[in-house]
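J.: Before anything else, here's the structure in question.
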Amino acid sequence: MLKLRQLTQRYGQCVALNALSFDVARGSFVVLLGPNGAGKSTLFQVLTGLFAADAGDVGVAGLSMRSDARRALAHIGVVFQQPSLDLDLSVAHNLQFHADLQGLPREVAAERIAFEAARFGLLDEVHRRGVTVLWATHLVPEAEDADRVLVLHRGELLADGTPTEVTAALGGPTLEAAFIHATTH
């Protein structure tokens, strides 16, 4: 679903992403774990089209961000850290509320909400079926239940694997101890 190839982003002399390459399989839950300044935000700015990378490429659903960004971006959704949903409302009511905020006519919004909710199986409850998630965090507990963990530090990938594999690769008794050791030296 997502392919990074030799992705490089610089800010003057500072290299924020250094020839970063990895794939994220469709339907997987992957956590990008890194301390502050690791390059997580820069990566997401490239993934969402806010920045064009200095070198390398990003593929989304087989589409290149360099040559077909508009179509590639149609396959990406971003959820920000600050919650913008009312947990007391249904999925449909949350969507209607945000459509109202954007000035979308209620009739148009209702049609689109019904169509997309049916398409994604959200009529009764929220499901993760078929959704690919790349979750960026510096909080180790958020990575412990991931299918895969990518440890990013100073723009480079230090480890890639299941939480158990990453713990072993970084040489720690726990994922948290391994992460702290690898990113503070």
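Chain labels A, B, ... are given in the sequence in which chains occur in the structure tokens; within each chain residues are numbered consecutively from 1, and ligands are likewise numbered from 1 in the order shown.
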If we count only C-alpha atoms, what is near A:Asn36 at a cut-off of 9 Å, once residues fewer than 2 positions away on the same chain are taken out, given as a PyMOL selection string?
T.: chain A and resi 34+38-40+137-138+153
J.: Using only C-alpha atoms, which residues sit within 12 Å of A:Arg10 once same-chain residues fewer than 3 positions away are excluded, as an MDAnalysis selection string?
T.: chainID A and resid 7 13:19 39 42:43 46 51:55 154:155
J.: Atom CA of A:Gly77 and atom CA of A:Ala117, how far apart in Å?
T.: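 Between atom CA of A:Ala117 and atom CA of A:Gly77 the gap is 15.2 Å.
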J.: What separation in Å, quoted to one decimal, exists between atom CA of A:Pro173 and atom CA of A:Pro141?
T.: 14.6 Å
J.: If I take atom CA of A:Thr162 and atom CA of A:Thr184, how far is one from the other in Å, to one decimal?
T.: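 Atom CA of A:Thr162 sits 21.3 Å away from atom CA of A:Thr184.
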J.: I'd like the contact shell of A:Leu134 - 10 Å cut-off, only C-alpha atoms, skipping same-chain residues fewer than 3 positions apart - returned as a list in words.
T.: Leu2, Val24, Ser28, Phe29, Val30, Val31, Leu32, Phe44, Val78, Val131, Thr137, Ala146, Arg148, Val149 and Leu150 of chain A
J.: Would you write out those residues with all heavy atoms, as an mmCIF file, in the first residue's frame?
T.:
```
data_model
loop_
_atom_site.group_PDB
_atom_site.id
_atom_site.type_symbol
_atom_site.label_atom_id
_atom_site.label_comp_id
_atom_site.auth_asym_id
_atom_site.auth_seq_id
_atom_site.Cartn_x
_atom_site.Cartn_y
_atom_site.Cartn_z
ATOM 1 N N LEU A 2 1.986 1.200 0.734
ATOM 2 C CA LEU A 2 2.885 2.339 0.833
ATOM 3 C C LEU A 2 4.316 1.865 0.608
ATOM 4 O O LEU A 2 4.747 0.897 1.222
ATOM 5 C CB LEU A 2 2.757 2.969 2.224
ATOM 6 C CG LEU A 2 3.615 4.184 2.532
ATOM 7 C CD1 LEU A 2 3.211 5.360 1.651
ATOM 8 C CD2 LEU A 2 3.480 4.549 4.002
ATOM 9 N N VAL A 24 4.822 -0.727 3.483
ATOM 10 C CA VAL A 24 3.751 -0.998 4.432
ATOM 11 C C VAL A 24 2.684 -1.769 3.662
ATOM 12 O O VAL A 24 2.129 -1.264 2.689
ATOM 13 C CB VAL A 24 3.166 0.299 5.036
ATOM 14 C CG1 VAL A 24 1.981 -0.014 5.934
ATOM 15 C CG2 VAL A 24 4.244 1.069 5.801
ATOM 16 N N SER A 28 -2.241 -3.579 7.176
ATOM 17 C CA SER A 28 -1.384 -3.750 8.355
ATOM 18 C C SER A 28 -1.451 -2.534 9.274
ATOM 19 O O SER A 28 -1.819 -1.435 8.864
ATOM 20 C CB SER A 28 0.059 -4.024 7.945
ATOM 21 O OG SER A 28 0.583 -2.933 7.230
ATOM 22 N N PHE A 29 -1.085 -2.764 10.530
ATOM 23 C CA PHE A 29 -0.999 -1.701 11.533
ATOM 24 C C PHE A 29 0.466 -1.555 11.901
ATOM 25 O O PHE A 29 1.034 -2.387 12.599
ATOM 26 C CB PHE A 29 -1.837 -2.050 12.755
ATOM 27 C CG PHE A 29 -1.730 -1.046 13.876
ATOM 28 C CD1 PHE A 29 -1.991 0.298 13.664
ATOM 29 C CD2 PHE A 29 -1.368 -1.453 15.148
ATOM 30 C CE1 PHE A 29 -1.885 1.221 14.693
ATOM 31 C CE2 PHE A 29 -1.263 -0.545 16.191
ATOM 32 C CZ PHE A 29 -1.519 0.799 15.963
ATOM 33 N N VAL A 30 1.092 -0.503 11.367
ATOM 34 C CA VAL A 30 2.527 -0.276 11.533
ATOM 35 C C VAL A 30 2.729 0.987 12.361
ATOM 36 O O VAL A 30 2.126 2.023 12.082
ATOM 37 C CB VAL A 30 3.220 -0.133 10.166
ATOM 38 C CG1 VAL A 30 4.694 0.178 10.329
ATOM 39 C CG2 VAL A 30 3.022 -1.396 9.340
ATOM 40 N N VAL A 31 3.588 0.879 13.373
ATOM 41 C CA VAL A 31 3.896 2.037 14.211
ATOM 42 C C VAL A 31 5.288 2.545 13.874
ATOM 43 O O VAL A 31 6.260 1.785 13.884
ATOM 44 C CB VAL A 31 3.791 1.683 15.708
ATOM 45 C CG1 VAL A 31 4.291 2.839 16.569
ATOM 46 C CG2 VAL A 31 2.350 1.340 16.072
ATOM 47 N N LEU A 32 5.372 3.828 13.563
ATOM 48 C CA LEU A 32 6.623 4.520 13.339
ATOM 49 C C LEU A 32 7.005 5.145 14.678
ATOM 50 O O LEU A 32 6.403 6.123 15.111
ATOM 51 C CB LEU A 32 6.449 5.592 12.269
ATOM 52 C CG LEU A 32 7.674 6.400 11.894
ATOM 53 C CD1 LEU A 32 8.726 5.505 11.239
ATOM 54 C CD2 LEU A 32 7.282 7.532 10.958
ATOM 55 N N PHE A 44 5.590 12.560 7.520
ATOM 56 C CA PHE A 44 4.157 12.729 7.269
ATOM 57 C C PHE A 44 3.880 13.958 6.412
ATOM 58 O O PHE A 44 2.919 13.977 5.642
ATOM 59 C CB PHE A 44 3.370 12.742 8.584
ATOM 60 C CG PHE A 44 3.029 11.355 9.025
ATOM 61 C CD1 PHE A 44 3.965 10.570 9.679
ATOM 62 C CD2 PHE A 44 1.792 10.798 8.749
ATOM 63 C CE1 PHE A 44 3.674 9.276 10.059
ATOM 64 C CE2 PHE A 44 1.494 9.497 9.117
ATOM 65 C CZ PHE A 44 2.430 8.730 9.777
ATOM 66 N N VAL A 78 -5.575 11.259 7.023
ATOM 67 C CA VAL A 78 -4.734 11.585 8.163
ATOM 68 C C VAL A 78 -5.616 11.855 9.371
ATOM 69 O O VAL A 78 -6.602 12.589 9.274
ATOM 70 C CB VAL A 78 -3.861 12.831 7.877
ATOM 71 C CG1 VAL A 78 -3.043 13.216 9.092
ATOM 72 C CG2 VAL A 78 -2.960 12.583 6.677
ATOM 73 N N VAL A 131 -8.047 -1.498 6.190
ATOM 74 C CA VAL A 131 -7.415 -0.184 6.338
ATOM 75 C C VAL A 131 -5.948 -0.377 6.708
ATOM 76 O O VAL A 131 -5.611 -1.171 7.577
ATOM 77 C CB VAL A 131 -8.129 0.643 7.432
ATOM 78 C CG1 VAL A 131 -7.390 1.951 7.686
ATOM 79 C CG2 VAL A 131 -9.569 0.910 7.030
ATOM 80 N N THR A 137 4.517 7.909 16.571
ATOM 81 C CA THR A 137 4.496 8.206 18.007
ATOM 82 C C THR A 137 5.899 8.144 18.592
ATOM 83 O O THR A 137 6.798 7.561 18.004
ATOM 84 C CB THR A 137 3.575 7.210 18.755
ATOM 85 O OG1 THR A 137 3.435 7.624 20.121
ATOM 86 C CG2 THR A 137 4.122 5.791 18.696
ATOM 87 N N ALA A 146 1.369 -3.397 17.804
ATOM 88 C CA ALA A 146 1.436 -3.221 16.351
ATOM 89 C C ALA A 146 1.794 -4.526 15.654
ATOM 90 O O ALA A 146 2.440 -5.400 16.234
ATOM 91 C CB ALA A 146 2.480 -2.156 16.009
ATOM 92 N N ARG A 148 3.777 -4.372 13.223
ATOM 93 C CA ARG A 148 5.163 -4.091 12.874
ATOM 94 C C ARG A 148 5.558 -2.743 13.461
ATOM 95 O O ARG A 148 4.735 -1.832 13.534
ATOM 96 C CB ARG A 148 5.265 -4.047 11.356
ATOM 97 C CG ARG A 148 6.643 -3.931 10.814
ATOM 98 C CD ARG A 148 6.605 -4.249 9.322
ATOM 99 N NE ARG A 148 7.590 -3.456 8.630
ATOM 100 C CZ ARG A 148 7.398 -2.879 7.466
ATOM 101 N NH1 ARG A 148 6.254 -2.995 6.840
ATOM 102 N NH2 ARG A 148 8.355 -2.193 6.913
ATOM 103 N N VAL A 149 6.819 -2.635 13.866
ATOM 104 C CA VAL A 149 7.349 -1.394 14.420
ATOM 105 C C VAL A 149 8.554 -0.966 13.586
ATOM 106 O O VAL A 149 9.430 -1.783 13.290
ATOM 107 C CB VAL A 149 7.782 -1.579 15.901
ATOM 108 C CG1 VAL A 149 8.403 -0.295 16.441
ATOM 109 C CG2 VAL A 149 6.603 -2.009 16.760
ATOM 110 N N LEU A 150 8.573 0.309 13.210
ATOM 111 C CA LEU A 150 9.706 0.913 12.525
ATOM 112 C C LEU A 150 10.291 1.936 13.489
ATOM 113 O O LEU A 150 9.589 2.864 13.894
ATOM 114 C CB LEU A 150 9.255 1.634 11.250
ATOM 115 C CG LEU A 150 8.468 0.817 10.232
ATOM 116 C CD1 LEU A 150 7.884 1.734 9.168
ATOM 117 C CD2 LEU A 150 9.372 -0.222 9.612
#
```
J.: Find the residues around A:His181 up to 9 Å (only C-alpha atoms counted), leave out those fewer than 4 positions away in its own chain, and share them as a list in words.
T.: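 These residues fall inside the cut-off: Leu170, Gly171, Gly172, Glu176, Ala177 and His185 of chain A.
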J.: Enumerate the residues of stretch 4-166 of chain A with a DSSP assignment of alpha helix (DSSP H), computed from the backbone, and present them as an NGL selection string.
T.: :A and (40-47 or 65-73 or 91-101 or 106-119 or 163-166)
